[in-house]
Amino acid sequence: MIARIIIPLILMIVLSDLYLDRHYLRRRVKYTWWKRLLWWIPGAAMMVFAIVLSCSKDFAPDDISVLYWFLFLLGLVVVPKAVYALCSFLGWRFCRWRKKRINWGNLIGLVLAFYTIFVLIYGSTIGFSRLEVKHLDYTFDDLPAAFDGYKIVHFSDIHVGSYTGSRKAILDRALDSIDAQQADAIVFTGDIQSIRPHELYPVMGRLSQLKAKDGVFSVLGNHDYSYYTRHDDPAIRAASEREVISRQRQMGWQLLLNEHRVIRRGNDELVIAGMENLGEEKPGLPPGDYPLKGDAKKTLKGVDPEAFVVMLEHEPWAWRHHILPERKVPLTLSGHTHGGQITFFGLSPMGVFQKEWCGEYREGNSILYVTKGLGGVIPLRFEATGEIVVITLHSKKK
């Protein structure tokens, strides 16, 4: 993870410290050599920390808490300085251009720097612990009458590796909330782990306690494959994927790998289908370097064209580009985006890169719902509260 951004990271650390050193600290009469040394030590330490992490072969170190601490310190020490330095620099250039004396960029930068610290501290404590249970009612013309009132609980992206220590209570509370809904079916749309299958070991017992009348159904997300472990031996990577699959099945979950299951109520049927993850093959972006395993045609093979289908697919992007072109699917449930994880006034940079990134989308008679999920590789959420979605299906009265 850090290796991908190591150059801009080092530039951010060095340039912000250098700017503040030259424009402010050097002008102080008593800015002695040892005070200057003290100023540069935190930035130098963060650079060393970043370089060490970038040498990891995997997306994150074996002890993922090391990554958490690095990112927390980055947000506490480096980012506020960089924000202030950037605002100050732009204000300084504006003053030079317009021949003004007061650099308002300093004040703006100071406010924004303290705001970034607030976002970090609030988001990693209160923000990450908050939970919303969202209730949705959807009415369909083609829902069989026997399934009128059918209740589906949808959750996603739990990233169980982020629920360590005191945060384990947050996961327990979320799972208790799922149980309390007394659902007909529970569906999970991927990313049960962050990096490696061993993250599941402490919570498998609790996850296996999730019960619903027709069972718990799941699909794999991008983090559930071996994409984030950089082992050169393909056998090791394949073994990691197999373990994720076997662990979910040991928990009693019905993991769907381009498959479907038929649920019957008398003569009526409802199909729950699950596609594998489609990776990152998006228009305008380079393809991912792991297999794009999702196959809508294979997933729906043998399904009656008139059947009511609930499709599970981790990537919401797949709905418009792969699922709808294959056939009419009344309801598709996805995750992956975490609702941007950090949003401001309901807006997130995620919306720039992905059209369907949070909430409900419609195309004709088909609905896609993208949940904000529960966890995250990094345990931080700001105005993107983790959610459990309770969907009740209704058939239109004739």
# chains A, B, ... in the order shown; residues from 1 in each chain; ligands from 1
call {"tool": "residues_around", "arguments": {"residues": "Met204 of chain A", "least_positions_apart": "2", "cutoff": "10 Å", "atoms": "only C-alpha atoms", "output": "list in words"}}
result
Val160, Glu199, Leu200, Tyr201, Pro202, Arg206, Leu207, Ser208, Gln209, Arg247, Gln248, Gln250 and Met251 of chain A
call {"tool": "residues_around", "arguments": {"residues": "segment 106-118 of chain A", "least_positions_apart": "2", "cutoff": "9 Å", "atoms": "only C-alpha atoms", "output": "compact mmCIF listing (two decimals) with all heavy atoms, in the first residue's frame"}}
result
# COMPACT_ATOMS: atom_id res chain seq x y z
N GLY A 75 -1.66 11.28 9.65
CA GLY A 75 -2.76 12.23 9.73
C GLY A 75 -2.61 13.23 10.85
O GLY A 75 -3.14 14.35 10.77
N LEU A 76 -1.88 12.86 11.90
CA LEU A 76 -1.72 13.74 13.05
C LEU A 76 -0.56 14.71 12.89
O LEU A 76 -0.64 15.87 13.32
CB LEU A 76 -1.51 12.89 14.31
CG LEU A 76 -1.55 13.61 15.65
CD1 LEU A 76 -2.95 14.16 15.91
CD2 LEU A 76 -1.13 12.66 16.77
N VAL A 77 0.53 14.27 12.24
CA VAL A 77 1.76 15.05 12.18
C VAL A 77 2.01 15.65 10.79
O VAL A 77 2.30 16.84 10.65
CB VAL A 77 2.97 14.18 12.60
CG1 VAL A 77 4.27 14.96 12.46
CG2 VAL A 77 2.80 13.68 14.02
N VAL A 79 0.03 15.43 7.60
CA VAL A 79 -1.02 16.04 6.79
C VAL A 79 -1.39 17.45 7.24
O VAL A 79 -1.50 18.35 6.40
CB VAL A 79 -2.27 15.12 6.75
CG1 VAL A 79 -3.41 15.80 6.01
CG2 VAL A 79 -1.93 13.80 6.08
N PRO A 80 -1.58 17.71 8.54
CA PRO A 80 -1.89 19.09 8.94
C PRO A 80 -0.81 20.10 8.53
O PRO A 80 -1.11 21.21 8.08
CB PRO A 80 -2.01 19.00 10.46
CG PRO A 80 -2.36 17.59 10.73
CD PRO A 80 -1.63 16.80 9.70
N LYS A 81 0.47 19.69 8.67
CA LYS A 81 1.55 20.59 8.25
C LYS A 81 1.52 20.82 6.74
O LYS A 81 1.73 21.95 6.28
CB LYS A 81 2.91 20.00 8.64
CG LYS A 81 3.26 20.16 10.09
CD LYS A 81 4.74 19.91 10.36
CE LYS A 81 5.13 18.49 10.09
NZ LYS A 81 6.54 18.23 10.48
N ALA A 82 1.24 19.76 5.99
CA ALA A 82 1.19 19.89 4.54
C ALA A 82 0.03 20.79 4.11
O ALA A 82 0.18 21.61 3.19
CB ALA A 82 1.06 18.51 3.90
N VAL A 83 -1.12 20.65 4.76
CA VAL A 83 -2.27 21.48 4.45
C VAL A 83 -1.97 22.95 4.75
O VAL A 83 -2.24 23.84 3.94
CB VAL A 83 -3.51 21.00 5.24
CG1 VAL A 83 -4.63 22.03 5.16
CG2 VAL A 83 -3.99 19.66 4.72
N TYR A 84 -1.39 23.19 5.92
CA TYR A 84 -1.06 24.56 6.30
C TYR A 84 -0.03 25.15 5.33
O TYR A 84 -0.16 26.30 4.88
CB TYR A 84 -0.52 24.61 7.73
CG TYR A 84 -0.11 26.00 8.14
CD1 TYR A 84 -1.05 26.92 8.60
CD2 TYR A 84 1.22 26.42 8.05
CE1 TYR A 84 -0.68 28.21 8.96
CE2 TYR A 84 1.60 27.70 8.40
CZ TYR A 84 0.64 28.59 8.85
OH TYR A 84 1.00 29.86 9.19
N ALA A 85 1.02 24.38 5.03
CA ALA A 85 2.07 24.87 4.14
C ALA A 85 1.53 25.20 2.76
O ALA A 85 1.90 26.21 2.15
CB ALA A 85 3.19 23.84 4.05
N LEU A 86 0.65 24.35 2.24
CA LEU A 86 0.08 24.59 0.91
C LEU A 86 -0.75 25.87 0.90
O LEU A 86 -0.61 26.70 -0.01
CB LEU A 86 -0.77 23.40 0.49
CG LEU A 86 -1.48 23.52 -0.87
CD1 LEU A 86 -0.47 23.69 -2.00
CD2 LEU A 86 -2.38 22.31 -1.13
N CYS A 87 -1.62 26.03 1.89
CA CYS A 87 -2.45 27.24 1.95
C CYS A 87 -1.59 28.49 2.13
O CYS A 87 -1.83 29.53 1.50
CB CYS A 87 -3.45 27.13 3.10
SG CYS A 87 -4.72 25.88 2.86
N SER A 88 -0.57 28.38 2.98
CA SER A 88 0.32 29.51 3.21
C SER A 88 1.08 29.88 1.94
O SER A 88 1.23 31.06 1.60
CB SER A 88 1.30 29.18 4.33
OG SER A 88 2.22 30.23 4.52
N PHE A 89 1.57 28.86 1.23
CA PHE A 89 2.31 29.11 -0.01
C PHE A 89 1.43 29.78 -1.06
O PHE A 89 1.84 30.77 -1.69
CB PHE A 89 2.85 27.79 -0.54
CG PHE A 89 3.46 27.90 -1.91
CD1 PHE A 89 4.71 28.47 -2.08
CD2 PHE A 89 2.78 27.45 -3.04
CE1 PHE A 89 5.28 28.58 -3.35
CE2 PHE A 89 3.32 27.57 -4.30
CZ PHE A 89 4.58 28.13 -4.46
N GLY A 91 -1.26 31.54 -0.50
CA GLY A 91 -1.54 32.89 -0.04
C GLY A 91 -0.36 33.82 -0.25
O GLY A 91 -0.53 34.99 -0.62
N TRP A 92 0.85 33.31 -0.01
CA TRP A 92 2.07 34.09 -0.21
C TRP A 92 2.23 34.48 -1.68
O TRP A 92 2.55 35.63 -2.00
CB TRP A 92 3.27 33.28 0.27
CG TRP A 92 4.60 33.87 -0.07
CD1 TRP A 92 5.11 35.05 0.39
CD2 TRP A 92 5.59 33.31 -0.94
NE1 TRP A 92 6.37 35.27 -0.14
CE2 TRP A 92 6.68 34.20 -0.96
CE3 TRP A 92 5.66 32.13 -1.69
CZ2 TRP A 92 7.83 33.96 -1.71
CZ3 TRP A 92 6.79 31.88 -2.43
CH2 TRP A 92 7.86 32.79 -2.45
N ASN A 103 -1.27 37.80 4.48
CA ASN A 103 -1.40 36.48 3.85
C ASN A 103 -2.54 35.73 4.55
O ASN A 103 -2.35 35.11 5.60
CB ASN A 103 -0.09 35.70 3.98
CG ASN A 103 -0.15 34.34 3.31
OD1 ASN A 103 -1.20 33.91 2.83
ND2 ASN A 103 0.97 33.66 3.27
N TRP A 104 -3.74 35.78 3.95
CA TRP A 104 -4.89 35.11 4.54
C TRP A 104 -4.78 33.58 4.41
O TRP A 104 -5.50 32.84 5.08
CB TRP A 104 -6.18 35.60 3.88
CG TRP A 104 -6.53 37.00 4.27
CD1 TRP A 104 -6.35 38.14 3.52
CD2 TRP A 104 -7.08 37.42 5.51
NE1 TRP A 104 -6.75 39.25 4.22
CE2 TRP A 104 -7.22 38.84 5.45
CE3 TRP A 104 -7.47 36.77 6.68
CZ2 TRP A 104 -7.72 39.59 6.50
CZ3 TRP A 104 -7.98 37.51 7.73
CH2 TRP A 104 -8.10 38.90 7.64
N LEU A 120 -9.51 13.18 11.81
CA LEU A 120 -8.75 11.98 12.16
C LEU A 120 -9.18 11.40 13.50
O LEU A 120 -9.48 10.21 13.61
CB LEU A 120 -7.26 12.31 12.19
CG LEU A 120 -6.34 11.21 12.72
CD1 LEU A 120 -6.26 10.05 11.74
CD2 LEU A 120 -4.95 11.76 13.02
N ILE A 121 -9.22 12.25 14.52
CA ILE A 121 -9.52 11.76 15.87
C ILE A 121 -10.98 11.32 15.99
O ILE A 121 -11.29 10.26 16.52
CB ILE A 121 -9.18 12.84 16.91
CG1 ILE A 121 -7.66 13.09 16.91
CG2 ILE A 121 -9.65 12.43 18.30
CD1 ILE A 121 -7.21 14.22 17.80
N TYR A 122 -11.90 12.15 15.46
CA TYR A 122 -13.32 11.78 15.51
C TYR A 122 -13.58 10.54 14.67
O TYR A 122 -14.28 9.61 15.10
CB TYR A 122 -14.17 12.93 15.01
CG TYR A 122 -15.65 12.62 14.96
CD1 TYR A 122 -16.45 12.86 16.07
CD2 TYR A 122 -16.24 12.07 13.82
CE1 TYR A 122 -17.82 12.56 16.04
CE2 TYR A 122 -17.59 11.76 13.79
CZ TYR A 122 -18.37 12.02 14.89
OH TYR A 122 -19.70 11.70 14.86
N GLY A 123 -13.02 10.50 13.46
CA GLY A 123 -13.28 9.39 12.54
C GLY A 123 -12.76 8.06 13.03
O GLY A 123 -13.35 7.01 12.74
call {"tool": "closest_residue", "arguments": {"among": "A:Ala169, A:Gly351, A:Asp142, A:Ile158", "to": "Leu331 of chain A", "atoms": "only C-alpha atoms"}}
result
A:Asp142
call {"tool": "atom_distance", "arguments": {"atom1": "atom CA of Ile391 of chain A", "atom2": "atom CA of Ile186 of chain A"}}
result
10.2 Å
call {"tool": "closest_residue", "arguments": {"among": "A:Tyr369, A:Phe94, A:Trp40, A:Trp357", "to": "Val390 of chain A", "atoms": "only C-alpha atoms"}}
result
A:Tyr369
call {"tool": "select_by_dssp", "arguments": {"residues": "segment 87-205 of chain A", "states": "helix (DSSP H, G or I)", "output": "PyMOL selection string"}}
result
chain A and resi 87-98+104-129+145-147+160-162+165-180+197-205
call {"tool": "closest_atom_pairs", "arguments": {"of": "segment 124-225 of chain A", "to": "segment 306-324 of chain A", "cutoff": "7 Å", "atoms": "only C-alpha atoms", "output": "CSV"}}
result
residue,atom,partner,partner_atom,distance
A:Asp142,CA,A:Phe308,CA,6.8
A:Leu143,CA,A:Phe308,CA,6.1
A:Thr189,CA,A:His314,CA,5.1
A:Gly190,CA,A:His314,CA,5.5
A:Val219,CA,A:Leu312,CA,6.8
A:Leu220,CA,A:His314,CA,6.9
A:Gly221,CA,A:His314,CA,5.3
call {"tool": "atom_distance", "arguments": {"atom1": "atom CA of Phe49 of chain A", "atom2": "atom CA of Ile13 of chain A"}}
result
11.9 Å
call {"tool": "closest_residue", "arguments": {"among": "A:Leu136, A:Ile342, A:Leu11, A:Ala145", "to": "Asp268 of chain A", "atoms": "only C-alpha atoms"}}
result
A:Ala145
call {"tool": "residues_around", "arguments": {"residues": "Ser129 of chain A", "least_positions_apart": "3", "cutoff": "10 Å", "atoms": "only C-alpha atoms", "output": "ChimeraX atom specification"}}
result
/A:122-126,167,169-171,173-174,374-375,379-381,385-386
call {"tool": "write_last_selection", "arguments": {"atoms": "N, CA and C atoms", "output": "compact mmCIF listing (two decimals), in the first residue's frame"}}
result
# COMPACT_ATOMS: atom_id res chain seq x y z
N TYR A 122 -11.90 12.15 15.46
CA TYR A 122 -13.32 11.78 15.51
C TYR A 122 -13.58 10.54 14.67
N GLY A 123 -13.02 10.50 13.46
CA GLY A 123 -13.28 9.39 12.54
C GLY A 123 -12.76 8.06 13.03
N SER A 124 -11.64 8.08 13.77
CA SER A 124 -11.06 6.82 14.24
C SER A 124 -11.62 6.38 15.59
N THR A 125 -12.46 7.19 16.19
CA THR A 125 -13.07 6.83 17.48
C THR A 125 -14.59 6.77 17.33
N ILE A 126 -15.24 7.90 17.49
CA ILE A 126 -16.71 7.94 17.44
C ILE A 126 -17.23 7.57 16.06
N ARG A 167 -12.08 -2.54 19.66
CA ARG A 167 -12.99 -2.41 18.51
C ARG A 167 -13.78 -3.69 18.25
N ALA A 169 -15.81 -5.04 20.15
CA ALA A 169 -17.17 -4.80 20.65
C ALA A 169 -18.04 -4.13 19.59
N ILE A 170 -17.42 -3.36 18.70
CA ILE A 170 -18.17 -2.70 17.62
C ILE A 170 -18.73 -3.76 16.66
N LEU A 171 -17.89 -4.74 16.33
CA LEU A 171 -18.33 -5.82 15.44
C LEU A 171 -19.42 -6.65 16.12
N ARG A 173 -21.58 -5.71 18.28
CA ARG A 173 -22.83 -4.93 18.28
C ARG A 173 -23.50 -4.98 16.91
N ALA A 174 -22.69 -4.91 15.86
CA ALA A 174 -23.25 -4.97 14.50
C ALA A 174 -23.88 -6.34 14.23
N LEU A 374 -19.56 -1.92 6.73
CA LEU A 374 -19.35 -1.79 8.17
C LEU A 374 -17.94 -1.35 8.54
N GLY A 375 -16.93 -2.02 8.03
CA GLY A 375 -15.56 -1.76 8.47
C GLY A 375 -14.74 -1.02 7.45
N PRO A 379 -9.48 1.60 10.14
CA PRO A 379 -10.66 1.83 10.98
C PRO A 379 -10.92 3.31 11.21
N LEU A 380 -11.46 3.96 10.20
CA LEU A 380 -11.76 5.39 10.27
C LEU A 380 -12.95 5.69 9.37
N ARG A 381 -13.94 6.38 9.90
CA ARG A 381 -15.10 6.82 9.12
C ARG A 381 -15.51 8.21 9.59
N THR A 385 -21.25 6.75 7.96
CA THR A 385 -21.56 5.81 9.03
C THR A 385 -21.75 4.39 8.51
N GLY A 386 -21.13 3.42 9.19
CA GLY A 386 -21.34 2.03 8.83
C GLY A 386 -22.81 1.65 8.93
call {"tool": "closest_residue", "arguments": {"among": "A:Arg36, A:Val377, A:Lys30, A:Ala238", "to": "Leu71 of chain A", "atoms": "only C-alpha atoms"}}
result
A:Val377
